[in-house]
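Chemist: File coords20.cif below, mmCIF, C-alpha atoms:
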```
data_run
loop_
_atom_site.label_atom_id
_atom_site.label_comp_id
_atom_site.auth_asym_id
_atom_site.auth_seq_id
_atom_site.Cartn_x
_atom_site.Cartn_y
_atom_site.Cartn_z
CA MET S 137 148.57 41.15 72.05
CA GLY S 138 147.84 37.86 70.28
CA LEU S 139 147.42 37.27 66.56
CA ALA S 140 143.62 37.62 66.72
CA GLU S 141 143.86 40.96 68.52
CA ARG S 142 146.53 42.22 66.12
CA ARG S 143 144.40 41.17 63.13
CA ARG S 144 141.31 42.93 64.47
CA ALA S 145 143.28 46.05 65.39
CA LEU S 146 144.38 46.34 61.76
CA GLY S 147 140.83 45.86 60.48
CA TYR S 148 141.15 42.37 58.98
CA SER S 149 138.54 39.67 59.25
CA GLN S 150 139.85 36.09 59.26
CA GLU S 151 138.56 35.71 55.71
CA GLU S 152 140.29 38.89 54.50
CA LEU S 153 143.64 37.93 56.01
CA ALA S 154 143.33 34.41 54.59
CA HIS S 155 142.56 35.80 51.13
CA ALA S 156 145.59 38.13 51.26
CA LEU S 157 147.83 35.17 52.13
CA GLY S 158 146.23 32.61 49.81
CA VAL S 159 145.29 30.21 52.63
CA ASP S 160 142.06 28.84 54.01
CA ARG S 161 140.17 30.79 56.67
CA ARG S 162 140.47 27.79 59.01
CA THR S 163 144.25 28.10 58.81
CA ILE S 164 144.08 31.59 60.32
CA GLY S 165 141.94 30.19 63.13
CA ARG S 166 144.50 27.46 63.86
CA TRP S 167 147.30 30.07 63.99
CA GLU S 168 145.28 32.22 66.38
CA THR S 169 144.75 29.30 68.76
CA ARG S 170 148.40 28.24 68.25
CA THR S 171 147.26 24.81 67.10
CA THR S 172 149.72 25.31 64.22
CA THR S 173 152.19 28.03 63.26
CA PRO S 174 152.61 29.75 59.88
CA GLN S 175 155.04 27.99 57.55
CA PRO S 176 158.27 29.87 56.68
CA PRO S 177 157.26 30.80 53.08
CA LEU S 178 154.16 32.61 54.42
CA ARG S 179 155.86 34.52 57.22
CA PRO S 180 157.32 37.50 55.30
CA ARG S 181 153.95 38.30 53.73
CA LEU S 182 152.11 37.81 57.05
CA ALA S 183 154.60 40.07 58.82
CA GLU S 184 154.10 42.71 56.11
CA LEU S 185 150.30 42.58 56.46
CA LEU S 186 150.52 42.85 60.25
CA HIS S 187 153.13 45.67 60.13
CA LEU S 188 155.68 43.58 62.06
CA ASP S 189 159.24 42.46 61.52
CA LEU S 190 159.96 38.72 61.47
CA ASP S 191 161.22 38.61 65.05
CA GLU S 192 158.05 40.33 66.28
CA LEU S 193 155.97 37.87 64.25
CA ASP S 194 157.82 34.91 65.82
CA ALA S 195 157.03 36.29 69.26
CA LEU S 196 153.37 36.69 68.29
CA VAL S 197 152.67 33.31 66.66
CA GLY S 198 155.60 31.13 67.76
CA GLN S 199 158.54 29.79 65.82
CA PRO S 200 158.00 27.73 62.67
CA GLN S 201 157.82 24.01 63.26
CA ALA S 202 161.25 23.25 61.78
CA ALA S 203 162.90 25.78 64.12
CA ARG S 204 161.52 24.34 67.36
CA PRO S 205 163.88 22.16 69.43
CA GLU S 206 162.98 18.49 69.39
CA SER S 207 161.77 17.07 72.64
CA ALA S 208 163.70 14.26 74.28
CA GLY S 209 162.77 10.87 72.96
CA SER S 210 160.87 12.23 69.97
CA PRO S 211 161.68 10.81 66.53
CA PRO S 212 163.90 12.99 64.34
CA ARG S 213 162.02 15.41 62.12
CA ASP S 214 162.38 15.58 58.37
CA HIS S 215 164.12 18.94 58.01
CA HIS S 216 163.87 18.76 54.21
CA GLY S 217 160.13 19.32 54.22
CA SER S 218 156.91 18.85 56.09
CA GLY S 219 156.23 15.33 54.84
CA ASP S 220 153.25 16.64 52.87
CA LEU S 221 152.79 14.95 49.51
CA ASP S 222 153.39 18.20 47.66
CA ASP S 223 156.68 18.74 49.49
CA MET S 224 157.66 15.18 48.67
CA ILE S 225 156.96 15.73 44.98
CA ARG S 226 158.94 18.97 44.98
CA ARG S 227 161.97 17.29 46.54
CA GLN S 228 161.83 14.41 44.07
CA PHE S 229 161.51 16.66 41.08
CA LEU S 230 164.30 18.99 42.20
CA ARG S 231 166.48 15.93 42.38
CA ALA S 232 165.36 15.00 38.86
CA ILE S 233 166.36 18.42 37.55
CA ALA S 234 169.78 18.05 39.19
CA VAL S 235 170.20 14.65 37.51
CA THR S 236 169.18 16.14 34.18
CA SER S 237 171.72 18.94 34.47
CA ALA S 238 174.43 16.40 35.15
CA LEU S 239 173.39 14.22 32.22
CA VAL S 240 173.41 17.14 29.82
CA ALA S 241 177.05 17.71 30.75
CA LEU S 242 177.97 14.13 29.87
CA THR S 243 179.31 13.13 26.50
CA ALA S 244 177.04 11.15 24.20
CA ASP S 245 179.09 7.97 24.74
CA GLU S 246 178.96 8.28 28.53
CA SER S 247 175.21 8.90 28.41
CA ALA S 248 174.65 5.91 26.16
CA ALA S 249 176.64 3.69 28.50
CA LEU S 250 174.59 4.85 31.48
CA ALA S 251 171.39 4.25 29.54
CA ASP S 252 172.07 0.61 28.76
CA GLY S 253 169.57 -1.52 30.67
CA ALA S 254 168.30 1.51 32.63
CA ARG S 255 165.32 2.61 30.56
CA ARG S 256 161.97 2.34 32.33
CA GLY S 257 159.84 4.25 29.87
CA THR S 258 160.18 6.86 27.16
CA SER S 259 159.17 10.49 26.98
CA GLU S 260 156.48 9.53 24.44
CA ASP S 261 154.96 7.17 27.02
CA PHE S 262 154.81 9.92 29.60
CA LEU S 263 153.38 12.48 27.19
CA ARG S 264 150.60 10.08 26.20
CA MET S 265 149.82 9.41 29.86
CA ASN S 266 149.88 13.14 30.61
CA GLY S 267 147.36 13.77 27.85
CA HIS S 268 145.10 11.13 29.36
CA LEU S 269 145.43 12.68 32.84
CA TRP S 270 144.48 16.13 31.53
CA GLN S 271 141.31 14.60 30.03
CA VAL S 272 140.48 12.88 33.31
CA TYR S 273 141.09 16.14 35.17
CA GLN S 274 138.78 18.08 32.87
CA LEU S 275 136.00 15.52 33.19
CA ALA S 276 136.31 14.88 36.93
CA ARG S 277 133.61 16.52 39.01
CA ALA S 278 135.87 16.55 42.09
CA LYS S 279 139.29 17.62 40.76
CA GLY S 280 141.14 16.46 43.86
CA SER S 281 140.37 12.84 43.01
CA VAL S 282 143.00 13.04 40.24
CA TYR S 283 145.79 14.03 42.62
CA PRO S 284 147.00 10.54 43.70
CA ILE S 285 147.46 9.50 40.06
CA VAL S 286 149.43 12.64 39.26
CA ARG S 287 151.60 12.08 42.33
CA ASP S 288 152.39 8.51 41.27
CA GLN S 289 153.15 9.61 37.72
CA LEU S 290 155.58 12.26 38.98
CA THR S 291 157.34 9.64 41.11
CA THR S 292 157.67 7.31 38.12
CA LEU S 293 158.93 10.14 35.93
CA ASN S 294 161.51 11.05 38.55
CA ASP S 295 162.83 7.47 38.66
CA THR S 296 163.05 7.35 34.86
CA PHE S 297 165.51 10.26 34.67
CA ASP S 298 168.35 8.09 35.99
CA GLY S 299 170.70 6.90 33.27
CA GLN S 300 169.07 8.62 30.30
CA PRO S 301 171.05 10.22 27.45
CA ALA S 302 170.92 14.00 27.16
CA ALA S 303 168.40 14.08 24.32
CA GLU S 304 165.96 11.80 26.12
CA SER S 305 166.44 13.73 29.38
CA GLN S 306 165.49 16.91 27.57
CA ALA S 307 162.34 15.24 26.25
CA LEU S 308 161.55 13.98 29.75
CA CYS S 309 161.87 17.56 31.00
CA SER S 310 159.14 18.48 28.54
CA ALA S 311 156.94 15.73 29.99
CA ALA S 312 157.74 17.01 33.50
CA GLY S 313 156.87 20.59 32.56
CA ASP S 314 153.53 19.29 31.29
CA LEU S 315 152.77 17.18 34.36
CA PHE S 316 153.83 19.79 36.89
CA GLN S 317 151.39 22.25 35.35
CA LEU S 318 148.63 19.73 36.04
CA ALA S 319 149.90 19.31 39.62
CA GLY S 320 149.73 23.09 39.96
CA GLU S 321 146.17 23.17 38.67
CA LEU S 322 145.16 20.62 41.30
CA SER S 323 146.80 22.66 44.07
CA PHE S 324 145.25 25.87 42.79
CA ASP S 325 141.78 24.35 42.68
CA GLY S 326 142.30 23.22 46.28
CA ASN S 327 143.19 26.80 47.38
CA ARG S 328 146.83 25.79 48.04
CA TYR S 329 148.36 28.84 46.37
CA THR S 330 151.90 28.34 47.64
CA ASP S 331 151.97 24.76 46.38
CA ALA S 332 150.50 25.86 43.06
CA ALA S 333 153.13 28.58 42.63
CA ALA S 334 155.90 26.09 43.43
CA SER S 335 154.53 23.62 40.87
CA TYR S 336 154.27 26.29 38.17
CA THR S 337 157.80 27.48 38.92
CA LEU S 338 159.14 23.96 38.51
CA ALA S 339 157.07 23.55 35.35
CA ALA S 340 158.62 26.69 33.92
CA SER S 341 162.12 25.51 34.86
CA ALA S 342 161.61 22.11 33.24
CA SER S 343 160.06 23.65 30.12
CA LYS S 344 162.99 26.03 29.77
CA GLU S 345 165.38 23.07 30.10
CA ALA S 346 163.41 21.33 27.34
CA GLN S 347 163.47 24.49 25.17
CA SER S 348 159.71 24.10 24.80
CA TYR S 349 158.68 27.73 24.52
CA ASP S 350 154.91 27.29 24.36
CA LEU S 351 154.95 24.96 27.36
CA TRP S 352 157.16 27.46 29.20
CA ALA S 353 154.87 30.40 28.39
CA CYS S 354 151.82 28.46 29.62
CA ALA S 355 153.57 27.70 32.93
CA LEU S 356 154.17 31.44 33.36
CA VAL S 357 150.54 32.22 32.56
CA ARG S 358 149.37 29.77 35.21
CA HIS S 359 151.81 31.30 37.69
CA ALA S 360 150.32 34.72 36.96
CA TYR S 361 146.91 33.41 37.98
CA VAL S 362 148.16 33.04 41.56
CA ASP S 363 148.87 36.78 41.67
CA LEU S 364 145.59 37.57 39.94
CA TYR S 365 143.56 35.73 42.56
CA GLU S 366 145.46 37.56 45.29
CA ARG S 367 144.74 40.84 43.45
CA ARG S 368 148.41 41.59 42.84
CA TYR S 369 147.66 42.85 39.37
CA ALA S 370 150.93 44.68 38.72
CA GLU S 371 152.95 41.57 39.62
CA ALA S 372 150.71 39.43 37.38
CA ALA S 373 151.17 41.89 34.51
CA GLY S 374 154.95 41.56 34.87
CA THR S 375 154.81 37.76 34.73
CA LEU S 376 152.50 37.90 31.73
CA SER S 377 154.85 40.27 29.94
CA ALA S 378 157.57 37.63 30.31
CA ALA S 379 155.13 34.97 29.07
CA GLU S 380 154.36 37.13 26.04
CA ARG S 381 158.06 37.35 25.15
CA VAL S 382 158.55 33.61 25.56
CA ALA S 383 155.45 32.84 23.47
CA ARG S 384 156.85 34.84 20.56
CA ARG S 385 159.58 32.23 20.26
CA GLY S 386 157.06 29.41 20.18
CA ASP S 387 154.93 27.82 17.47
CA SER S 388 152.90 30.54 15.73
CA SER S 389 150.26 27.98 14.74
CA LEU S 390 149.39 27.42 18.42
CA SER S 391 147.11 29.62 20.50
CA THR S 392 149.64 30.32 23.26
CA ARG S 393 150.09 34.03 22.60
CA HIS S 394 146.33 34.52 22.38
CA TRP S 395 145.86 32.87 25.78
CA VAL S 396 148.53 35.17 27.20
CA ALA S 397 146.56 38.15 25.84
CA SER S 398 143.29 36.95 27.39
CA VAL S 399 144.91 36.71 30.83
CA GLN S 400 146.63 40.07 30.35
CA ALA S 401 143.14 41.50 29.94
CA GLU S 402 142.34 40.40 33.49
CA ALA S 403 145.45 42.09 34.86
CA TYR S 404 144.65 45.30 32.99
CA ALA S 405 141.05 45.23 34.24
CA GLY S 406 142.34 44.86 37.79
CA LEU S 407 144.52 47.90 37.22
CA GLY S 408 141.47 49.83 35.95
CA ASN S 409 142.79 50.22 32.39
CA LEU S 410 139.75 49.71 30.14
CA SER S 411 141.48 50.50 26.84
CA ALA S 412 144.41 48.12 27.49
CA CYS S 413 141.94 45.45 28.64
CA GLU S 414 139.89 45.71 25.45
CA ARG S 415 143.03 45.68 23.27
CA ALA S 416 144.15 42.49 24.97
CA LEU S 417 140.72 40.89 24.51
CA ASP S 418 140.73 41.85 20.83
CA GLU S 419 144.16 40.24 20.47
CA ALA S 420 142.88 37.10 22.20
CA GLU S 421 139.95 36.88 19.78
CA LYS S 422 142.39 36.57 16.87
CA VAL S 423 142.73 32.94 17.92
CA THR S 424 139.83 32.30 15.52
CA ASP S 425 142.17 33.19 12.64
CA LEU S 426 144.33 30.15 13.32
CA SER S 427 143.78 27.09 11.19
CA GLY S 428 144.05 23.47 12.23
CA GLN S 429 144.57 22.28 15.80
CA ALA S 430 145.66 25.40 17.68
CA HIS S 431 145.68 23.71 21.09
CA ASN S 432 146.41 20.26 22.52
CA GLY S 433 143.58 19.88 25.02
CA GLY S 434 146.07 19.48 27.87
CA TRP S 435 148.45 22.15 29.11
CA LEU S 436 147.22 24.37 26.25
CA ARG S 437 143.43 24.42 25.96
CA PHE S 438 142.75 27.97 24.80
CA ASP S 439 140.54 27.98 21.70
CA GLY S 440 138.55 31.20 22.23
CA SER S 441 135.43 29.40 23.44
CA ARG S 442 135.67 31.14 26.82
CA LEU S 443 136.04 34.65 25.49
CA ALA S 444 132.39 35.63 26.05
CA GLU S 445 132.61 34.78 29.76
CA GLU S 446 136.10 36.31 29.99
CA ARG S 447 134.90 39.56 28.43
CA GLY S 448 131.91 39.59 30.78
CA ALA S 449 134.10 39.03 33.81
CA ARG S 450 136.47 41.82 32.74
CA TYR S 451 133.60 44.29 32.24
CA LEU S 452 132.33 43.34 35.70
CA GLN S 453 135.78 44.10 37.16
CA LEU S 454 135.63 47.49 35.48
CA GLY S 455 132.08 48.25 36.70
CA ARG S 456 130.48 48.15 33.23
CA LEU S 457 127.46 46.16 34.39
CA ASP S 458 125.29 46.26 31.25
CA LEU S 459 128.15 45.13 29.02
CA ALA S 460 129.09 42.46 31.56
CA GLU S 461 125.57 41.04 31.84
CA LYS S 462 125.18 40.81 28.08
CA ALA S 463 128.46 38.94 27.63
CA LEU S 464 127.87 36.60 30.60
CA SER S 465 124.32 35.74 29.51
CA THR S 466 125.66 34.86 26.07
CA ALA S 467 128.31 32.64 27.68
CA LEU S 468 125.75 30.87 29.88
CA SER S 469 123.72 29.89 26.82
CA GLN S 470 126.69 28.20 25.11
CA ASP S 471 126.35 24.45 24.72
CA LEU S 472 129.21 23.51 27.05
CA LEU S 473 127.92 25.65 29.92
CA ALA S 474 124.22 25.15 29.25
CA SER S 475 124.57 21.36 29.38
CA GLY S 476 126.64 21.46 32.54
CA GLN S 477 129.72 19.79 31.04
CA SER S 478 132.00 22.36 32.67
CA PHE S 479 130.92 22.84 36.28
CA ARG S 480 133.73 25.24 37.18
CA ARG S 481 133.06 27.55 34.26
CA ARG S 482 129.30 27.53 34.79
CA GLY S 483 129.78 28.20 38.49
CA ALA S 484 132.05 31.17 37.74
CA VAL S 485 129.58 32.72 35.27
CA LEU S 486 126.67 32.22 37.66
CA THR S 487 128.61 33.91 40.45
CA ASP S 488 129.48 36.87 38.23
CA LEU S 489 125.81 37.29 37.29
CA ALA S 490 124.89 37.16 40.99
CA SER S 491 127.51 39.86 41.65
CA ILE S 492 125.86 42.09 39.03
CA GLY S 493 122.59 41.62 40.90
CA ALA S 494 124.26 42.58 44.19
CA LYS S 495 125.74 45.75 42.68
CA ARG S 496 122.29 46.65 41.36
CA ARG S 497 120.73 45.76 44.73
CA ASP S 498 118.50 43.18 43.08
CA PRO S 499 118.10 40.33 45.62
CA ASP S 500 116.16 38.11 43.23
CA GLN S 501 119.01 38.10 40.70
CA VAL S 502 121.50 37.40 43.49
CA LEU S 503 119.48 34.44 44.75
CA THR S 504 118.68 32.99 41.31
CA TYR S 505 122.32 32.75 40.27
CA GLY S 506 124.03 32.58 43.66
CA ARG S 507 122.14 29.54 44.90
CA GLU S 508 122.94 27.51 41.79
CA ALA S 509 126.62 28.48 42.01
CA LEU S 510 126.66 27.47 45.68
CA GLN S 511 125.17 24.08 44.84
CA LEU S 512 127.82 23.54 42.14
CA ALA S 513 130.57 24.41 44.63
CA ARG S 514 129.19 21.85 47.07
CA THR S 515 128.77 19.18 44.42
CA THR S 516 132.26 19.57 42.96
CA SER S 517 134.24 20.62 46.07
CA SER S 518 135.81 23.18 43.75
CA GLY S 519 137.99 25.76 45.45
CA TYR S 520 137.76 27.81 42.26
CA ILE S 521 133.99 28.31 42.58
CA ALA S 522 134.34 28.79 46.35
CA ARG S 523 136.80 31.63 45.77
CA LYS S 524 134.38 33.27 43.36
CA LEU S 525 131.61 32.97 45.95
CA GLN S 526 133.85 34.60 48.56
CA GLY S 527 134.06 37.59 46.23
CA LEU S 528 130.27 37.61 45.92
CA ARG S 529 129.99 37.48 49.70
CA THR S 530 131.71 40.84 50.02
CA ASP S 531 129.14 42.41 47.65
CA LEU S 532 126.11 41.38 49.70
CA GLY S 533 126.37 44.12 52.36
CA PRO S 534 123.82 46.53 50.84
CA LEU S 535 121.23 43.70 50.79
CA ALA S 536 121.68 42.78 54.45
CA ARG S 537 118.02 43.51 55.24
CA ASP S 538 116.81 40.70 53.00
CA ALA S 539 116.68 37.53 55.11
CA ARG S 540 117.12 35.33 52.03
CA VAL S 541 120.35 37.09 51.10
CA VAL S 542 121.60 36.88 54.69
CA GLU S 543 120.94 33.13 54.59
CA LEU S 544 122.85 32.80 51.30
CA GLY S 545 125.78 34.71 52.82
CA ALA S 546 125.81 32.38 55.82
CA GLU S 547 125.84 29.35 53.53
CA ILE S 548 128.80 30.79 51.61
CA ASP S 549 130.63 31.39 54.90
CA ALA S 550 129.93 27.78 55.93
CA LEU S 551 131.18 26.51 52.56
CA CYS S 552 134.44 28.41 52.92
CA THR S 553 135.15 27.12 56.44
CA THR S 554 134.47 23.42 55.83
#
```
Will you turn the file into structure tokens for me?

Modeler:
Amino acid sequence: MGLAERRRALGYSQEELAHALGVDRRTIGRWETRTTTPQPPLRPRLAELLHLDLDELDALVGQPQAARPESAGSPPRDHHGSGDLDDMIRRQFLRAIAVTSALVALTADESAALADGARRGTSEDFLRMNGHLWQVYQLARAKGSVYPIVRDQLTTLNDTFDGQPAAESQALCSAAGDLFQLAGELSFDGNRYTDAAASYTLAASASKEAQSYDLWACALVRHAYVDLYERRYAEAAGTLSAAERVARRGDSSLSTRHWVASVQAEAYAGLGNLSACERALDEAEKVTDLSGQAHNGGWLRFDGSRLAEERGARYLQLGRLDLAEKALSTALSQDLLASGQSFRRRGAVLTDLASIGAKRRDPDQVLTYGREALQLARTTSSGYIARKLQGLRTDLGPLARDARVVELGAEIDALCTT
């Protein structure tokens, strides 16, 4: 039995198996034709889904690339990674963390001696650049276009760690925790969940090293999103509980703990706990009680402006359609979404409204909102909107007799396989 037969025997479509693993549907197709093999980090989860042990999985799909013997005359492989840019960044940053740990152990005099003539930039320089990159990321229609700049900035930051005194190394760790969260956002938007999780883990590690509690809590929140989009709600709730504890040690004038609460609401909704979800949303809304600048517009952007759409999405998760539609319609009329300044957010709200139409078996509502969301996904190449549309696709079954809905479903399938 091959992988395709095993998948079908267990009742998975390619799309369903891809969603459970956090990979693209095309990746499953390449595994089934043995064009490529699953990477080692994905194998335990794949084996679990297919009810196999790892040896049985290796027999089914072949050994991972790094484990295959090299053919005669072939150039040596890089056994430290795949050569992918994300793997390269991870290796460089892990080295940077090792350098930082060593520098922290040095005396002040030794650090100062190493630093003489070795400075190639300060933490303030990197933080300013990071702030600029977050703005570019937010404004970019195609988020992936920001990736090369982030990659280069990470490389420069890595080089700057050498020869820095302990205090400056700690500040550079803060800059790294900031930048690696942005790298994670780019991976997440591109449906590269494993890369996103690795980036958020490194961001959390660097933030902890920097003793920057708000930055650390935000890295944990972003990591929880990976579990949320794979519907592992209990695991996400555990990560968010840790983020909540870290946030308590942070700056009470910032909105960190309120953002944690808003994401906890999603985990509780996924677990079917309406009362806990509403308590978390109420806690999140207390962000309006903060005075001054409660966020920095970069790694912390939560200001409560998204709460209408968040509340609507949570009610939709819980099956409270009337409450969901009211909240989502209010969100869609807000200036930022109405004017199209945030394509991802507008696309998500449109998809949720289309899902309400599907649950009510109202094809006109599905088509009105679904088509616009599909166009936004095509225009922006946003994996975030595409994932939302995949969720809508599963709701369209009861409307399969409407040719227009069938056509919309086919277009969503085509979007998710290109």

Chemist: May I have the residues within 10 Å of S:Val272 as a PyMOL selection string, using only C-alpha atoms and disregarding those fewer than 6 positions away in the same chain?

Modeler: chain S and resi 266+279+281-282

Chemist: What does the distance from atom CA of S:Pro534 to atom CA of S:Leu185 come to in Å, to one decimal?

Modeler: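 That distance, rounded to one decimal, is 27.4 Å.
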
Chemist: Using the chain letters and numbers from the file, give me the residues hit by the PyMOL selection byres ((chain S and resi 357-370) around 7), as a PDB file with C-alpha atoms, keeping the file's coordinate frame.

Modeler:
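Below you can see part-v9.pdb, which holds the result:
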```pdb
ATOM      1  CA  HIS S 155     142.560  35.800  51.130  1.00  0.00           C
ATOM      2  CA  ALA S 156     145.590  38.130  51.260  1.00  0.00           C
ATOM      3  CA  GLY S 158     146.230  32.610  49.810  1.00  0.00           C
ATOM      4  CA  TYR S 329     148.360  28.840  46.370  1.00  0.00           C
ATOM      5  CA  ALA S 333     153.130  28.580  42.630  1.00  0.00           C
ATOM      6  CA  TYR S 336     154.270  26.290  38.170  1.00  0.00           C
ATOM      7  CA  ALA S 353     154.870  30.400  28.390  1.00  0.00           C
ATOM      8  CA  CYS S 354     151.820  28.460  29.620  1.00  0.00           C
ATOM      9  CA  ALA S 355     153.570  27.700  32.930  1.00  0.00           C
ATOM     10  CA  LEU S 356     154.170  31.440  33.360  1.00  0.00           C
ATOM     11  CA  GLU S 371     152.950  41.570  39.620  1.00  0.00           C
ATOM     12  CA  ALA S 372     150.710  39.430  37.380  1.00  0.00           C
ATOM     13  CA  ALA S 373     151.170  41.890  34.510  1.00  0.00           C
ATOM     14  CA  GLY S 374     154.950  41.560  34.870  1.00  0.00           C
ATOM     15  CA  THR S 375     154.810  37.760  34.730  1.00  0.00           C
ATOM     16  CA  LEU S 376     152.500  37.900  31.730  1.00  0.00           C
ATOM     17  CA  ALA S 379     155.130  34.970  29.070  1.00  0.00           C
ATOM     18  CA  VAL S 396     148.530  35.170  27.200  1.00  0.00           C
ATOM     19  CA  ALA S 403     145.450  42.090  34.860  1.00  0.00           C
ATOM     20  CA  GLY S 406     142.340  44.860  37.790  1.00  0.00           C
ATOM     21  CA  LEU S 407     144.520  47.900  37.220  1.00  0.00           C
TER      22      LEU S 407
END
```

Chemist: Any idea what the distance is between atom CA of S:Tyr349 and atom CA of S:Gln317?

Modeler: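 Going from atom CA of S:Tyr349 over to atom CA of S:Gln317, I get 14.2 Å.
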
Chemist: Mind listing as a VMD selection string all residues within 12 Å of (131.2, 32.4, 35.9), counting only C-alpha atoms?

Modeler: chain S and resid 442 to 450 452 460 to 461 463 to 468 473 478 to 492 505 to 506 508 to 510 512 to 513 520 to 525 527 to 528

Chemist: Would you write out those residues with C-alpha atoms, as an mmCIF file, keeping the file's coordinate frame?

Modeler:
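This went into part_0.cif:
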```cif
data_model
loop_
_atom_site.group_PDB
_atom_site.id
_atom_site.type_symbol
_atom_site.label_atom_id
_atom_site.label_comp_id
_atom_site.auth_asym_id
_atom_site.auth_seq_id
_atom_site.Cartn_x
_atom_site.Cartn_y
_atom_site.Cartn_z
ATOM 1 C CA ARG S 442 135.670 31.140 26.820
ATOM 2 C CA LEU S 443 136.040 34.650 25.490
ATOM 3 C CA ALA S 444 132.390 35.630 26.050
ATOM 4 C CA GLU S 445 132.610 34.780 29.760
ATOM 5 C CA GLU S 446 136.100 36.310 29.990
ATOM 6 C CA ARG S 447 134.900 39.560 28.430
ATOM 7 C CA GLY S 448 131.910 39.590 30.780
ATOM 8 C CA ALA S 449 134.100 39.030 33.810
ATOM 9 C CA ARG S 450 136.470 41.820 32.740
ATOM 10 C CA LEU S 452 132.330 43.340 35.700
ATOM 11 C CA ALA S 460 129.090 42.460 31.560
ATOM 12 C CA GLU S 461 125.570 41.040 31.840
ATOM 13 C CA ALA S 463 128.460 38.940 27.630
ATOM 14 C CA LEU S 464 127.870 36.600 30.600
ATOM 15 C CA SER S 465 124.320 35.740 29.510
ATOM 16 C CA THR S 466 125.660 34.860 26.070
ATOM 17 C CA ALA S 467 128.310 32.640 27.680
ATOM 18 C CA LEU S 468 125.750 30.870 29.880
ATOM 19 C CA LEU S 473 127.920 25.650 29.920
ATOM 20 C CA SER S 478 132.000 22.360 32.670
ATOM 21 C CA PHE S 479 130.920 22.840 36.280
ATOM 22 C CA ARG S 480 133.730 25.240 37.180
ATOM 23 C CA ARG S 481 133.060 27.550 34.260
ATOM 24 C CA ARG S 482 129.300 27.530 34.790
ATOM 25 C CA GLY S 483 129.780 28.200 38.490
ATOM 26 C CA ALA S 484 132.050 31.170 37.740
ATOM 27 C CA VAL S 485 129.580 32.720 35.270
ATOM 28 C CA LEU S 486 126.670 32.220 37.660
ATOM 29 C CA THR S 487 128.610 33.910 40.450
ATOM 30 C CA ASP S 488 129.480 36.870 38.230
ATOM 31 C CA LEU S 489 125.810 37.290 37.290
ATOM 32 C CA ALA S 490 124.890 37.160 40.990
ATOM 33 C CA SER S 491 127.510 39.860 41.650
ATOM 34 C CA ILE S 492 125.860 42.090 39.030
ATOM 35 C CA TYR S 505 122.320 32.750 40.270
ATOM 36 C CA GLY S 506 124.030 32.580 43.660
ATOM 37 C CA GLU S 508 122.940 27.510 41.790
ATOM 38 C CA ALA S 509 126.620 28.480 42.010
ATOM 39 C CA LEU S 510 126.660 27.470 45.680
ATOM 40 C CA LEU S 512 127.820 23.540 42.140
ATOM 41 C CA ALA S 513 130.570 24.410 44.630
ATOM 42 C CA TYR S 520 137.760 27.810 42.260
ATOM 43 C CA ILE S 521 133.990 28.310 42.580
ATOM 44 C CA ALA S 522 134.340 28.790 46.350
ATOM 45 C CA ARG S 523 136.800 31.630 45.770
ATOM 46 C CA LYS S 524 134.380 33.270 43.360
ATOM 47 C CA LEU S 525 131.610 32.970 45.950
ATOM 48 C CA GLY S 527 134.060 37.590 46.230
ATOM 49 C CA LEU S 528 130.270 37.610 45.920
#
```

Chemist: Write out as a list in words the residues lying within 10 Å of S:Leu544, counting all atoms listed in the file and excluding same-chain residues fewer than 6 positions away.

Modeler: Val502, Leu503, Gly506, Arg507, Leu510, Arg529, Leu532 and Ala550 of chain S

Chemist: Considering all atoms listed in the file, state which residue in the set S:Gln429, S:Ser441, S:Asn409, S:Gln526 is at the smallest distance from S:Gly455.

Modeler: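 Closest candidate: S:Asn409.
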
Chemist: Ranking S:Arg277, S:Thr530, S:Glu184, S:Glu419 by minimum distance to S:Gln400 and counting all atoms listed in the file, which one comes first?

Modeler: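 The shortest atom-to-atom distance to S:Gln400 comes from S:Glu419.
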
Chemist: Using only C-alpha atoms, can you tell me which of S:Leu315, S:Leu459, S:Leu535, S:Ala405 comes closest to S:Arg496?

Modeler: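 Between S:Leu315, S:Leu459, S:Leu535, S:Ala405, the residue approaching S:Arg496 most closely is S:Leu535.
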
Chemist: Do you have the atom CA of S:Leu139-atom CA of S:Leu153 distance handy?

Modeler: 11.2 Å

Chemist: May I ask which of the residues S:Phe316, S:Tyr283, S:Phe438, S:Tyr451 is the closest one to S:Ala332, counting all atoms listed in the file?

Modeler: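 Of all the options, S:Phe316 lies closest to S:Ala332.
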
Chemist: Return as a PyMOL selection string the set of residues that the PyMOL selection byres ((chain S and resi 165) around 12) yields on the displayed structure.

Modeler: chain S and resi 139-140+143+149-151+153-154+159-164+166-174+197+553

Chemist: Can you list what the PyMOL selection byres ((chain S and resi 348) around 10) grabs from this structure, as a tab-separated table (two decimals) with C-alpha atoms, keeping the file's coordinate frame?

Modeler:
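After the write, result11.tsv holds the following:
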```
chain	number	residue	atom	x	y	z
S	306	GLN	CA	165.49	16.91	27.57
S	307	ALA	CA	162.34	15.24	26.25
S	309	CYS	CA	161.87	17.56	31.00
S	310	SER	CA	159.14	18.48	28.54
S	313	GLY	CA	156.87	20.59	32.56
S	340	ALA	CA	158.62	26.69	33.92
S	342	ALA	CA	161.61	22.11	33.24
S	343	SER	CA	160.06	23.65	30.12
S	344	LYS	CA	162.99	26.03	29.77
S	345	GLU	CA	165.38	23.07	30.10
S	346	ALA	CA	163.41	21.33	27.34
S	347	GLN	CA	163.47	24.49	25.17
S	349	TYR	CA	158.68	27.73	24.52
S	350	ASP	CA	154.91	27.29	24.36
S	351	LEU	CA	154.95	24.96	27.36
S	352	TRP	CA	157.16	27.46	29.20
S	353	ALA	CA	154.87	30.40	28.39
S	382	VAL	CA	158.55	33.61	25.56
S	383	ALA	CA	155.45	32.84	23.47
S	385	ARG	CA	159.58	32.23	20.26
S	386	GLY	CA	157.06	29.41	20.18
S	387	ASP	CA	154.93	27.82	17.47
```
